[in-house]
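J.: Structure file input_38.txt, compact mmCIF, C-alpha atoms, is pasted below:
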```
# COMPACT_ATOMS: atom_id res chain seq x y z
CA MET A 1 0.00 0.00 0.00
CA THR A 2 1.34 3.43 -0.95
CA ASP A 3 1.96 5.90 1.85
CA PRO A 4 -0.22 8.98 1.07
CA ALA A 5 2.33 11.20 2.78
CA GLN A 6 4.76 10.48 -0.05
CA HIS A 7 2.39 12.08 -2.60
CA VAL A 8 1.42 15.27 -0.70
CA SER A 9 2.24 18.35 -2.71
CA THR A 10 3.11 21.45 -0.74
CA VAL A 11 1.87 24.98 -1.29
CA PRO A 12 3.84 27.87 0.18
CA ALA A 13 2.33 29.47 3.26
CA PRO A 14 0.74 32.88 2.70
CA GLY A 15 3.04 35.87 2.81
CA LEU A 16 3.33 38.44 5.56
CA ALA A 17 0.76 41.14 5.99
CA SER A 18 1.70 44.19 3.97
CA ARG A 19 2.04 46.28 7.12
CA ALA A 20 4.64 43.84 8.49
CA ALA A 21 6.50 43.70 5.20
CA ARG A 22 6.73 47.49 4.87
CA THR A 23 7.81 48.17 8.47
CA GLY A 24 11.54 47.87 8.94
CA SER A 25 13.53 46.96 12.02
CA SER A 26 14.62 49.80 14.29
CA PRO A 27 18.07 51.02 13.19
CA VAL A 28 18.82 51.83 16.82
CA ARG A 29 18.20 48.24 17.92
CA ASP A 30 20.29 46.99 15.00
CA ILE A 31 23.18 49.28 15.96
CA LEU A 32 22.93 48.16 19.59
CA ALA A 33 23.36 44.56 18.43
CA LEU A 34 26.49 45.54 16.52
CA THR A 35 27.96 47.47 19.45
CA ALA A 36 27.20 45.03 22.27
CA ARG A 37 30.88 44.21 22.76
CA PRO A 38 31.99 45.41 26.22
CA GLU A 39 34.93 47.33 24.81
CA VAL A 40 32.66 49.60 22.77
CA ILE A 41 31.82 53.00 24.26
CA SER A 42 28.41 53.58 22.80
CA PHE A 43 26.63 56.89 22.47
CA ALA A 44 24.02 55.04 20.40
CA GLY A 45 21.44 53.55 22.76
CA GLY A 46 19.27 55.45 25.20
CA LEU A 47 20.17 53.00 27.95
CA PRO A 48 19.86 54.30 31.52
CA ALA A 49 23.03 53.86 33.56
CA PRO A 50 22.67 50.45 35.25
CA GLU A 51 24.91 51.38 38.18
CA LEU A 52 22.35 54.06 39.11
CA PHE A 53 19.42 51.64 39.43
CA ASP A 54 18.15 51.34 43.00
CA ALA A 55 18.60 47.59 42.79
CA ALA A 56 18.47 47.12 46.56
CA GLY A 57 15.24 49.07 46.94
CA ILE A 58 13.58 47.29 44.05
CA ALA A 59 14.72 43.90 45.38
CA ASP A 60 13.25 44.75 48.78
CA ALA A 61 9.95 45.61 47.11
CA PHE A 62 9.83 42.29 45.28
CA ARG A 63 10.74 40.37 48.42
CA TYR A 64 7.96 42.09 50.33
CA VAL A 65 5.17 41.42 47.83
CA LEU A 66 6.25 37.81 47.30
CA ALA A 67 6.48 37.16 51.05
CA GLU A 68 3.49 39.18 52.26
CA GLN A 69 1.14 39.23 49.24
CA PRO A 70 2.00 36.17 47.14
CA ARG A 71 -1.56 35.22 46.26
CA ARG A 72 -2.28 38.69 44.94
CA ALA A 73 1.12 39.34 43.37
CA LEU A 74 1.15 36.08 41.39
CA GLN A 75 -2.49 36.15 40.27
CA TYR A 76 -4.22 37.70 37.29
CA SER A 77 -5.01 41.38 37.82
CA PRO A 78 -7.27 44.10 36.35
CA THR A 79 -6.55 45.20 32.81
CA ASP A 80 -6.36 48.86 33.76
CA GLY A 81 -3.72 48.13 36.38
CA ASP A 82 -2.96 47.62 40.05
CA PRO A 83 -5.15 50.09 42.02
CA GLN A 84 -2.31 50.95 44.41
CA LEU A 85 0.07 51.66 41.55
CA ARG A 86 -2.48 53.80 39.72
CA ALA A 87 -3.12 55.75 42.92
CA ALA A 88 0.61 56.36 43.37
CA VAL A 89 1.03 57.51 39.77
CA ALA A 90 -2.02 59.75 40.10
CA ALA A 91 -0.53 61.38 43.18
CA ARG A 92 2.79 62.02 41.45
CA THR A 93 1.06 63.37 38.34
CA THR A 94 -1.09 65.69 40.43
CA ALA A 95 1.97 66.89 42.33
CA ARG A 96 3.58 67.76 38.99
CA GLY A 97 0.68 70.07 38.13
CA LEU A 98 -1.96 67.98 36.38
CA ALA A 99 -4.87 66.95 38.60
CA THR A 100 -5.27 63.20 38.11
CA ALA A 101 -7.29 60.45 39.77
CA ALA A 102 -6.40 56.77 39.80
CA ASP A 103 -9.37 56.07 37.54
CA ASP A 104 -7.91 58.41 34.90
CA LEU A 105 -5.02 55.99 34.33
CA VAL A 106 -4.22 52.71 32.64
CA VAL A 107 -1.00 50.87 33.52
CA THR A 108 0.81 49.72 30.38
CA THR A 109 3.70 47.42 29.57
CA GLY A 110 6.02 50.37 29.00
CA SER A 111 4.87 53.70 27.60
CA GLN A 112 5.44 52.35 24.10
CA GLN A 113 2.53 49.98 24.62
CA GLY A 114 0.47 53.01 25.57
CA LEU A 115 1.10 54.49 22.13
CA THR A 116 0.25 51.15 20.52
CA LEU A 117 -3.06 51.07 22.42
CA LEU A 118 -3.87 54.63 21.40
CA THR A 119 -3.12 53.77 17.80
CA ALA A 120 -5.40 50.73 17.95
CA ALA A 121 -8.18 52.77 19.55
CA LEU A 122 -7.97 55.81 17.25
CA LEU A 123 -6.56 55.00 13.83
CA GLU A 124 -7.99 53.33 10.78
CA PRO A 125 -5.70 52.43 7.86
CA GLY A 126 -5.09 55.58 5.87
CA ASP A 127 -5.76 58.00 8.74
CA VAL A 128 -3.29 60.87 8.94
CA VAL A 129 -0.90 61.21 11.89
CA LEU A 130 1.21 64.34 12.29
CA VAL A 131 4.68 63.92 13.81
CA GLU A 132 7.48 66.30 14.61
CA ASP A 133 10.38 65.86 12.21
CA PRO A 134 12.66 64.24 13.34
CA CYS A 135 10.54 61.85 15.42
CA TYR A 136 10.91 58.99 17.90
CA LEU A 137 11.67 55.90 15.81
CA ALA A 138 9.37 53.44 17.58
CA ALA A 139 6.42 55.77 17.01
CA LEU A 140 7.10 55.67 13.28
CA GLN A 141 7.12 51.86 13.47
CA ILE A 142 3.81 51.79 15.36
CA PHE A 143 2.09 54.11 12.90
CA SER A 144 3.45 52.15 9.94
CA LEU A 145 2.10 48.87 11.35
CA ALA A 146 -1.30 50.55 11.79
CA GLY A 147 -1.34 51.56 8.13
CA ALA A 148 -1.50 55.25 9.02
CA ARG A 149 -0.30 58.01 6.74
CA VAL A 150 2.48 59.83 8.57
CA VAL A 151 2.93 63.51 7.73
CA PRO A 152 5.95 65.37 9.16
CA VAL A 153 5.71 68.81 10.72
CA PRO A 154 8.79 71.05 10.49
CA THR A 155 10.79 71.78 13.64
CA ASP A 156 13.52 74.19 14.66
CA ASP A 157 15.84 74.38 17.64
CA GLU A 158 12.80 75.05 19.87
CA GLY A 159 10.77 72.07 18.67
CA VAL A 160 7.68 71.80 16.51
CA ASP A 161 6.60 74.92 14.60
CA PRO A 162 2.97 75.74 15.60
CA VAL A 163 2.38 77.90 12.50
CA ALA A 164 3.43 75.08 10.21
CA LEU A 165 1.40 72.66 12.33
CA ASP A 166 -1.75 74.72 11.84
CA GLU A 167 -1.25 75.02 8.08
CA ILE A 168 -0.58 71.31 7.61
CA ALA A 169 -3.48 70.30 9.86
CA ALA A 170 -5.85 72.50 7.85
CA ARG A 171 -4.60 70.93 4.61
CA VAL A 172 -4.42 67.20 5.42
CA GLY A 173 -7.14 66.65 8.04
CA PRO A 174 -5.19 64.61 10.62
CA LYS A 175 -6.73 62.52 13.36
CA LEU A 176 -3.71 62.48 15.70
CA LEU A 177 -0.67 64.58 16.55
CA TYR A 178 2.22 62.76 18.23
CA LEU A 179 4.79 64.76 20.22
CA VAL A 180 7.61 64.23 22.73
CA PRO A 181 7.64 67.85 23.92
CA THR A 182 10.12 67.55 26.80
CA PHE A 183 13.74 66.52 26.11
CA GLN A 184 12.62 64.97 22.86
CA ASN A 185 13.99 61.75 21.46
CA PRO A 186 16.10 62.13 19.29
CA THR A 187 16.91 65.86 19.58
CA GLY A 188 16.74 66.62 23.31
CA ARG A 189 14.66 69.74 22.52
CA THR A 190 11.95 71.08 24.82
CA LEU A 191 8.86 72.88 23.59
CA SER A 192 8.26 76.19 25.36
CA ALA A 193 5.06 76.96 27.27
CA GLU A 194 4.09 79.44 24.56
CA ARG A 195 4.40 76.84 21.84
CA ARG A 196 2.55 74.28 23.94
CA ALA A 197 -0.35 76.69 24.30
CA ALA A 198 -0.30 77.24 20.55
CA VAL A 199 -0.25 73.47 19.87
CA ALA A 200 -3.24 73.02 22.18
CA ALA A 201 -5.10 75.77 20.33
CA VAL A 202 -4.36 74.18 16.95
CA ALA A 203 -5.62 70.81 18.18
CA ALA A 204 -8.87 72.36 19.39
CA ARG A 205 -9.35 74.44 16.25
CA ARG A 206 -8.57 71.61 13.82
CA GLY A 207 -10.25 68.84 15.79
CA LEU A 208 -7.45 66.36 16.39
CA TRP A 209 -6.17 64.19 19.20
CA ILE A 210 -2.77 64.72 20.83
CA ALA A 211 -0.52 61.92 22.06
CA GLU A 212 1.88 63.60 24.51
CA ASP A 213 4.74 61.21 25.24
CA ASP A 214 6.74 62.12 28.37
CA PRO A 215 9.31 59.48 29.34
CA TYR A 216 12.03 62.03 30.14
CA GLY A 217 10.25 64.89 31.94
CA GLU A 218 11.59 64.02 35.40
CA LEU A 219 15.19 64.08 34.16
CA ARG A 220 15.53 67.87 34.22
CA PHE A 221 18.98 69.21 35.15
CA GLU A 222 18.33 72.93 34.99
CA GLY A 223 15.55 75.45 34.43
CA GLU A 224 11.93 75.31 35.47
CA PRO A 225 9.53 72.52 34.46
CA VAL A 226 7.12 73.33 31.64
CA PRO A 227 3.45 72.31 32.08
CA TRP A 228 2.20 69.37 30.09
CA ILE A 229 0.30 70.20 26.89
CA ALA A 230 -2.60 68.30 28.48
CA SER A 231 -3.01 71.16 30.98
CA PHE A 232 -3.45 73.94 28.41
CA PRO A 233 -6.88 75.26 27.31
CA GLY A 234 -8.17 73.35 24.31
CA ALA A 235 -6.09 70.25 25.00
CA GLU A 236 -7.73 68.94 28.17
CA ASP A 237 -10.37 66.81 26.44
CA ARG A 238 -8.24 65.59 23.55
CA THR A 239 -4.80 64.70 24.99
CA ALA A 240 -3.52 61.28 25.96
CA LEU A 241 -0.48 61.62 28.21
CA LEU A 242 2.04 58.77 28.26
CA GLY A 243 4.54 58.17 31.07
CA SER A 244 7.13 55.55 31.91
CA PHE A 245 9.02 54.06 34.84
CA SER A 246 11.86 52.99 32.52
CA LYS A 247 13.94 56.15 32.92
CA VAL A 248 13.19 56.86 36.59
CA MET A 249 13.09 53.36 38.09
CA ALA A 250 14.28 50.61 35.72
CA PRO A 251 13.47 49.71 32.10
CA GLY A 252 13.43 45.98 32.90
CA LEU A 253 10.18 46.44 34.82
CA ARG A 254 8.46 47.33 31.51
CA LEU A 255 5.90 49.54 33.22
CA GLY A 256 4.33 52.75 31.98
CA TRP A 257 1.02 54.52 32.18
CA LEU A 258 -1.55 56.26 30.03
CA ARG A 259 -3.80 59.14 31.12
CA ALA A 260 -6.68 59.87 28.75
CA PRO A 261 -10.27 61.12 28.61
CA ALA A 262 -12.80 58.50 29.69
CA GLY A 263 -14.04 57.33 26.30
CA LEU A 264 -10.58 56.97 24.82
CA ARG A 265 -9.30 55.33 28.01
CA ARG A 266 -12.04 52.69 27.88
CA ALA A 267 -11.16 51.94 24.26
CA CYS A 268 -7.50 51.55 25.25
CA VAL A 269 -8.48 49.11 28.01
CA ILE A 270 -10.31 46.97 25.45
CA ALA A 271 -7.28 47.11 23.15
CA LYS A 272 -5.07 46.04 26.05
CA GLN A 273 -7.37 43.14 26.87
CA ALA A 274 -6.79 41.93 23.33
CA ALA A 275 -3.04 42.57 23.49
CA ASP A 276 -1.88 41.07 26.79
CA LEU A 277 -4.84 40.99 29.23
CA HIS A 278 -2.84 42.99 31.78
CA SER A 279 0.72 44.04 32.59
CA SER A 280 2.78 41.87 34.94
CA THR A 281 0.98 41.65 38.29
CA VAL A 282 4.10 41.08 40.34
CA ASP A 283 6.01 43.92 38.67
CA GLN A 284 3.11 46.29 39.30
CA ALA A 285 2.83 45.20 42.93
CA ALA A 286 6.56 45.67 43.45
CA ALA A 287 6.50 49.10 41.81
CA ALA A 288 3.58 50.14 44.03
CA ARG A 289 5.42 48.92 47.12
CA TYR A 290 8.58 50.75 46.05
CA LEU A 291 6.69 54.01 45.58
CA ALA A 292 5.06 53.56 48.99
CA VAL A 293 8.24 53.01 51.02
CA ALA A 294 11.21 54.31 49.00
CA ASP A 295 12.07 57.93 48.26
CA LEU A 296 11.94 58.04 44.46
CA ASP A 297 12.44 61.80 44.44
CA ALA A 298 15.70 61.48 46.40
CA HIS A 299 16.81 58.75 44.01
CA LEU A 300 16.04 61.02 41.06
CA VAL A 301 18.20 63.77 42.55
CA ARG A 302 21.16 61.39 42.40
CA VAL A 303 20.29 60.32 38.85
CA ARG A 304 19.95 63.90 37.64
CA GLU A 305 23.27 64.91 39.19
CA ALA A 306 25.03 62.01 37.49
CA TYR A 307 23.37 62.62 34.14
CA ARG A 308 24.13 66.36 34.29
CA ALA A 309 27.83 65.57 34.73
CA ARG A 310 27.69 63.14 31.81
CA ARG A 311 25.92 65.66 29.58
CA ASP A 312 28.57 68.24 30.44
CA ALA A 313 31.36 65.76 29.67
CA LEU A 314 29.89 65.06 26.25
CA LEU A 315 29.29 68.71 25.42
CA GLY A 316 32.73 69.65 26.64
CA GLY A 317 34.44 67.23 24.26
CA LEU A 318 32.35 67.38 21.11
CA GLY A 319 34.30 70.33 19.72
CA GLY A 320 37.45 68.24 19.62
CA ALA A 321 35.75 65.12 18.27
CA LEU A 322 33.54 66.38 15.43
CA PRO A 323 34.73 68.04 12.22
CA ALA A 324 35.08 71.82 12.21
CA GLY A 325 31.78 73.47 11.39
CA SER A 326 29.64 70.88 13.21
CA ARG A 327 26.88 72.13 15.49
CA TRP A 328 25.01 70.65 18.42
CA ASN A 329 22.46 71.64 21.06
CA ARG A 330 22.60 71.83 24.85
CA PRO A 331 19.57 70.00 26.29
CA ALA A 332 18.38 71.02 29.75
CA GLY A 333 17.68 67.40 30.64
CA GLY A 334 16.83 64.01 29.24
CA MET A 335 19.28 61.65 27.57
CA PHE A 336 20.25 62.95 24.13
CA VAL A 337 22.30 65.53 22.26
CA TRP A 338 21.52 66.21 18.59
CA ALA A 339 24.53 67.05 16.46
CA THR A 340 24.89 67.95 12.80
CA LEU A 341 28.07 67.52 10.80
CA PRO A 342 28.96 70.11 8.14
CA ALA A 343 27.05 70.05 4.86
CA GLY A 344 27.88 67.09 2.67
CA TYR A 345 28.86 64.67 5.45
CA ASP A 346 26.94 61.41 5.74
CA ALA A 347 26.74 60.16 9.33
CA ALA A 348 25.45 56.72 8.28
CA ALA A 349 28.26 56.20 5.77
CA LEU A 350 30.84 57.17 8.39
CA LEU A 351 29.46 54.87 11.10
CA PRO A 352 31.17 51.57 10.08
CA GLY A 353 34.58 53.24 10.35
CA VAL A 354 33.60 54.75 13.68
CA VAL A 355 32.54 51.36 15.07
CA ARG A 356 35.95 49.94 14.11
CA HIS A 357 37.34 52.43 16.66
CA ASP A 358 35.08 50.88 19.35
CA VAL A 359 32.71 53.82 19.62
CA ALA A 360 29.25 54.43 18.17
CA TYR A 361 26.43 56.92 17.64
CA VAL A 362 23.08 56.72 15.87
CA PRO A 363 22.81 58.37 12.45
CA GLY A 364 19.99 60.91 12.40
CA ALA A 365 18.49 60.11 9.00
CA PRO A 366 16.16 57.25 10.12
CA PHE A 367 14.38 59.56 12.58
CA PHE A 368 12.93 61.70 9.80
CA ALA A 369 9.47 61.07 8.37
CA GLY A 370 10.24 63.68 5.70
CA PRO A 371 13.44 64.26 3.73
CA PRO A 372 16.29 63.16 6.02
CA ASP A 373 19.32 65.14 7.11
CA ALA A 374 22.18 62.76 6.36
CA ALA A 375 24.59 64.89 8.38
CA ALA A 376 22.65 64.55 11.65
CA MET A 377 23.44 62.19 14.52
CA ARG A 378 22.03 61.39 17.95
CA LEU A 379 24.39 60.94 20.89
CA SER A 380 23.21 59.57 24.22
CA PHE A 381 25.21 60.69 27.25
CA VAL A 382 23.65 58.67 30.09
CA THR A 383 25.10 55.16 29.76
CA HIS A 384 28.76 55.87 30.50
CA PRO A 385 30.45 57.87 33.28
CA PRO A 386 32.35 61.07 32.37
CA GLU A 387 35.77 59.43 32.11
CA GLU A 388 34.46 56.84 29.63
CA ILE A 389 32.67 59.57 27.70
CA GLY A 390 35.98 61.38 27.41
CA GLU A 391 37.68 58.26 26.06
CA GLY A 392 34.79 57.68 23.69
CA LEU A 393 35.17 61.20 22.30
CA VAL A 394 38.90 60.60 21.77
CA ARG A 395 38.02 57.49 19.76
CA LEU A 396 35.30 59.34 17.85
CA GLY A 397 37.71 62.13 16.98
CA ALA A 398 40.27 59.61 15.75
CA ALA A 399 37.66 57.86 13.64
CA LEU A 400 36.41 61.08 12.06
CA ARG A 401 39.84 62.65 11.56
CA GLY A 402 40.34 63.06 7.87
CA ALA A 403 36.68 62.36 7.04
CA ARG A 404 35.48 64.30 4.04
CA PRO A 405 32.04 65.28 2.74
CA ALA A 406 30.38 62.62 0.60
CA GLY A 407 30.74 63.00 -3.13
```
How would this structure read if it were set down as structure tokens?
T.:
Amino acid sequence: MTDPAQHVSTVPAPGLASRAARTGSSPVRDILALTARPEVISFAGGLPAPELFDAAGIADAFRYVLAEQPRRALQYSPTDGDPQLRAAVAARTTARGLATAADDLVVTTGSQQGLTLLTAALLEPGDVVLVEDPCYLAALQIFSLAGARVVPVPTDDEGVDPVALDEIAARVGPKLLYLVPTFQNPTGRTLSAERRAAVAAVAARRGLWIAEDDPYGELRFEGEPVPWIASFPGAEDRTALLGSFSKVMAPGLRLGWLRAPAGLRRACVIAKQAADLHSSTVDQAAAARYLAVADLDAHLVRVREAYRARRDALLGGLGGALPAGSRWNRPAGGMFVWATLPAGYDAAALLPGVVRHDVAYVPGAPFFAGPPDAAAMRLSFVTHPPEEIGEGLVRLGAALRGARPAG
């Protein structure tokens, strides 16, 4: 008798969804994989300094919830998040100037999930999203996977241009505006209060939602805090504010939060039910315990002092490392400096030679939704202490010495 299995013809499996095929890998993650060798001094990744984590305090929090609350900490939990954690976040948000109740919040698996939930709740394929140009890379990935049409809005050294925003919004009819207004990734820029008020007015006048992403706001080294866009007239009923514990506590916890008007928040909860049911119960319980017994504000003072010194070390050495005629900004906080080589230089083309000197940066071109600036680069100053930053700049200068404009 013939074995039927020997006569089965095979048909190729269906291809990937078009949205998956058109969405590329993050260049930052790819560069991190290339520069993972311990001898590399990397200005590429936005990796918080691991030696500054309050590992002992976080460990104590986990020990407590596993010893005292194991049945709760290891069980399923509500989709919108641990009530104690939401209450703690609400209190901190209120203290920072935006009145917030626990029920205004959804705990997310990192703030990036918050943006994914907003995208699922708000956008149909083909809907227009406005982004500052350059823009956070992961946001561009999320909008691409959703099939949205991404339209860039011009920026200058002070962030997004509200006049251009108004003109573009009137012309293209967007549904959503995405911004990182404080210590922006990748540029480190901060939008002034005047521009935030203007952005809120444009959103109200043109009828669009705002996604205000704020993972870096508590990493201010100097100057006075600027109110969230969500607090300005016209923006209160149309802004979803995203926050994260990754930069202030530890990224490995993968915890963030979303604050949004009730209808949008309920839609995000449904989207989260479909995505992962809820964020890690034990991580949420430990974070709530940590906020209850540890002094996060005192910890942040230490982090800010360390990061300020690292920023200053980077800024102090860039003049000797980059070609004459380069320019860069001086962020008042956050994690990134945005630099631009002289006209004609190509930061991406120069990178392989730089990596051979055991140092790295991220080319700026992939951050642009519009025509890219090939001469731009992002440098993160938080991962390495000042002495390593100094050595990294020596290596960068050696790698770029003799570099010439492309063509």
J.: Between A:Leu145, A:Val303, A:Val180, A:Ala120, single out the one closest to Glu132 in chain A, counting all atoms listed in the file.
T.: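 Among the listed residues, the smallest separation from Glu132 in chain A belongs to A:Val180.
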J.: Identify which of the residues A:Pro152, A:Gly370, A:Gly256, A:Gly15 lies closest to Tyr178 in chain A, counting only C-alpha atoms when measuring atom-to-atom distances.
T.: A:Pro152
J.: Once you count all atoms listed in the file, which residues end up no further than 12 Å from (10.2, 56.9, 33.9) in the file's frame, shown as a ChimeraX atom specification?
T.: /A:48,53,89,92,110-112,213-219,242-257,287,296-297,300,303,334
J.: Using the selection just defined, write its residues with C-alpha atoms as a PDB file, keeping the file's coordinate frame.
T.:
```
ATOM      1  CA  PRO A  48      19.860  54.300  31.520  1.00  0.00           C
ATOM      2  CA  PHE A  53      19.420  51.640  39.430  1.00  0.00           C
ATOM      3  CA  VAL A  89       1.030  57.510  39.770  1.00  0.00           C
ATOM      4  CA  ARG A  92       2.790  62.020  41.450  1.00  0.00           C
ATOM      5  CA  GLY A 110       6.020  50.370  29.000  1.00  0.00           C
ATOM      6  CA  SER A 111       4.870  53.700  27.600  1.00  0.00           C
ATOM      7  CA  GLN A 112       5.440  52.350  24.100  1.00  0.00           C
ATOM      8  CA  ASP A 213       4.740  61.210  25.240  1.00  0.00           C
ATOM      9  CA  ASP A 214       6.740  62.120  28.370  1.00  0.00           C
ATOM     10  CA  PRO A 215       9.310  59.480  29.340  1.00  0.00           C
ATOM     11  CA  TYR A 216      12.030  62.030  30.140  1.00  0.00           C
ATOM     12  CA  GLY A 217      10.250  64.890  31.940  1.00  0.00           C
ATOM     13  CA  GLU A 218      11.590  64.020  35.400  1.00  0.00           C
ATOM     14  CA  LEU A 219      15.190  64.080  34.160  1.00  0.00           C
ATOM     15  CA  LEU A 242       2.040  58.770  28.260  1.00  0.00           C
ATOM     16  CA  GLY A 243       4.540  58.170  31.070  1.00  0.00           C
ATOM     17  CA  SER A 244       7.130  55.550  31.910  1.00  0.00           C
ATOM     18  CA  PHE A 245       9.020  54.060  34.840  1.00  0.00           C
ATOM     19  CA  SER A 246      11.860  52.990  32.520  1.00  0.00           C
ATOM     20  CA  LYS A 247      13.940  56.150  32.920  1.00  0.00           C
ATOM     21  CA  VAL A 248      13.190  56.860  36.590  1.00  0.00           C
ATOM     22  CA  MET A 249      13.090  53.360  38.090  1.00  0.00           C
ATOM     23  CA  ALA A 250      14.280  50.610  35.720  1.00  0.00           C
ATOM     24  CA  PRO A 251      13.470  49.710  32.100  1.00  0.00           C
ATOM     25  CA  GLY A 252      13.430  45.980  32.900  1.00  0.00           C
ATOM     26  CA  LEU A 253      10.180  46.440  34.820  1.00  0.00           C
ATOM     27  CA  ARG A 254       8.460  47.330  31.510  1.00  0.00           C
ATOM     28  CA  LEU A 255       5.900  49.540  33.220  1.00  0.00           C
ATOM     29  CA  GLY A 256       4.330  52.750  31.980  1.00  0.00           C
ATOM     30  CA  TRP A 257       1.020  54.520  32.180  1.00  0.00           C
ATOM     31  CA  ALA A 287       6.500  49.100  41.810  1.00  0.00           C
ATOM     32  CA  LEU A 296      11.940  58.040  44.460  1.00  0.00           C
ATOM     33  CA  ASP A 297      12.440  61.800  44.440  1.00  0.00           C
ATOM     34  CA  LEU A 300      16.040  61.020  41.060  1.00  0.00           C
ATOM     35  CA  VAL A 303      20.290  60.320  38.850  1.00  0.00           C
ATOM     36  CA  GLY A 334      16.830  64.010  29.240  1.00  0.00           C
TER      37      GLY A 334
END
```
J.: Closest to Thr100 in chain A among A:Thr281, A:Ser144, A:Thr383, A:Ser231, using only C-alpha atoms?
T.: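 Using only C-alpha atoms, Thr100 in chain A sits closest to A:Ser231.
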J.: Tell me, as a ChimeraX atom specification, which residues lie within 9 Å of Gly397 in chain A, counting only C-alpha atoms; anything in the same chain fewer than 4 positions away does not count.
T.: /A:318,320-323,392-393,401
J.: Using only C-alpha atoms, which of A:Ala309, A:Ala343, A:Val129, A:Ala13 sits nearest His384 in chain A?
T.: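 Of all the options, A:Ala309 lies closest to His384 in chain A.
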J.: Taking only residues of range 36-155 of chain A that have an atom at most 12 Å from an atom of range 162-176 of chain A, what is each one's shortest atom pair and its distance in Å to one decimal, using only C-alpha atoms, in chain and number order, as JSON lines?
T.:
```
{"residue": "A:Leu115", "atom": "CA", "partner": "A:Leu176", "partner_atom": "CA", "distance": 11.3}
{"residue": "A:Leu118", "atom": "CA", "partner": "A:Leu176", "partner_atom": "CA", "distance": 9.7}
{"residue": "A:Thr119", "atom": "CA", "partner": "A:Leu176", "partner_atom": "CA", "distance": 9.0}
{"residue": "A:Ala121", "atom": "CA", "partner": "A:Leu176", "partner_atom": "CA", "distance": 11.4}
{"residue": "A:Leu122", "atom": "CA", "partner": "A:Lys175", "partner_atom": "CA", "distance": 7.9}
{"residue": "A:Leu123", "atom": "CA", "partner": "A:Lys175", "partner_atom": "CA", "distance": 7.5}
{"residue": "A:Glu124", "atom": "CA", "partner": "A:Lys175", "partner_atom": "CA", "distance": 9.6}
{"residue": "A:Pro125", "atom": "CA", "partner": "A:Lys175", "partner_atom": "CA", "distance": 11.5}
{"residue": "A:Gly126", "atom": "CA", "partner": "A:Pro174", "partner_atom": "CA", "distance": 10.2}
{"residue": "A:Asp127", "atom": "CA", "partner": "A:Lys175", "partner_atom": "CA", "distance": 6.5}
{"residue": "A:Val128", "atom": "CA", "partner": "A:Pro174", "partner_atom": "CA", "distance": 4.5}
{"residue": "A:Val129", "atom": "CA", "partner": "A:Leu176", "partner_atom": "CA", "distance": 4.9}
{"residue": "A:Leu130", "atom": "CA", "partner": "A:Leu176", "partner_atom": "CA", "distance": 6.3}
{"residue": "A:Val131", "atom": "CA", "partner": "A:Leu176", "partner_atom": "CA", "distance": 8.7}
{"residue": "A:Glu132", "atom": "CA", "partner": "A:Leu165", "partner_atom": "CA", "distance": 9.1}
{"residue": "A:Asp133", "atom": "CA", "partner": "A:Leu165", "partner_atom": "CA", "distance": 11.3}
{"residue": "A:Phe143", "atom": "CA", "partner": "A:Leu176", "partner_atom": "CA", "distance": 10.6}
{"residue": "A:Ala148", "atom": "CA", "partner": "A:Lys175", "partner_atom": "CA", "distance": 10.0}
{"residue": "A:Arg149", "atom": "CA", "partner": "A:Pro174", "partner_atom": "CA", "distance": 9.1}
{"residue": "A:Val150", "atom": "CA", "partner": "A:Pro174", "partner_atom": "CA", "distance": 9.3}
{"residue": "A:Val151", "atom": "CA", "partner": "A:Val172", "partner_atom": "CA", "distance": 8.5}
{"residue": "A:Pro152", "atom": "CA", "partner": "A:Ile168", "partner_atom": "CA", "distance": 9.0}
{"residue": "A:Val153", "atom": "CA", "partner": "A:Leu165", "partner_atom": "CA", "distance": 6.0}
{"residue": "A:Pro154", "atom": "CA", "partner": "A:Ala164", "partner_atom": "CA", "distance": 6.7}
{"residue": "A:Thr155", "atom": "CA", "partner": "A:Ala164", "partner_atom": "CA", "distance": 8.8}
```
J.: Can you measure CA of Arg266 in chain A to CA of Thr79 in chain A for me? One decimal in Å is fine.
T.: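 So the answer is 10.5 Å.
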J.: Taking all atoms of range 237-247 of chain A that the file lists, what box with edges along x, y and z, padded by 6 Å per side, do you get, with centre and edge lengths in Å to one decimal, as JSON?
T.:
```
{"center_x": 1.8, "center_y": 59.9, "center_z": 29.2, "size_x": 36.3, "size_y": 25.8, "size_z": 23.3}
```
J.: I need every residue sitting at most 6 Å from the point (19.0, 65.6, 33.6) (coordinates as in the file, all atoms listed in the file considered), written as a PyMOL selection string.
T.: chain A and resi 219-221+304+307-308+333-334
J.: For Pro352 in chain A, find every residue with an atom within 12 Å (counting all atoms listed in the file), except residues of its own chain fewer than 5 positions away, and show them as a PDB file with C-alpha atoms, keeping the file's coordinate frame.
T.:
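Written file, around.pdb:
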```pdb
ATOM      1  CA  ILE A  31      23.180  49.280  15.960  1.00  0.00           C
ATOM      2  CA  LEU A  34      26.490  45.540  16.520  1.00  0.00           C
ATOM      3  CA  THR A  35      27.960  47.470  19.450  1.00  0.00           C
ATOM      4  CA  ASP A 346      26.940  61.410   5.740  1.00  0.00           C
ATOM      5  CA  ALA A 347      26.740  60.160   9.330  1.00  0.00           C
ATOM      6  CA  HIS A 357      37.340  52.430  16.660  1.00  0.00           C
ATOM      7  CA  ASP A 358      35.080  50.880  19.350  1.00  0.00           C
ATOM      8  CA  VAL A 359      32.710  53.820  19.620  1.00  0.00           C
ATOM      9  CA  ALA A 360      29.250  54.430  18.170  1.00  0.00           C
ATOM     10  CA  TYR A 361      26.430  56.920  17.640  1.00  0.00           C
ATOM     11  CA  VAL A 362      23.080  56.720  15.870  1.00  0.00           C
ATOM     12  CA  PRO A 363      22.810  58.370  12.450  1.00  0.00           C
ATOM     13  CA  LEU A 396      35.300  59.340  17.850  1.00  0.00           C
ATOM     14  CA  ALA A 399      37.660  57.860  13.640  1.00  0.00           C
ATOM     15  CA  LEU A 400      36.410  61.080  12.060  1.00  0.00           C
TER      16      LEU A 400
END
```
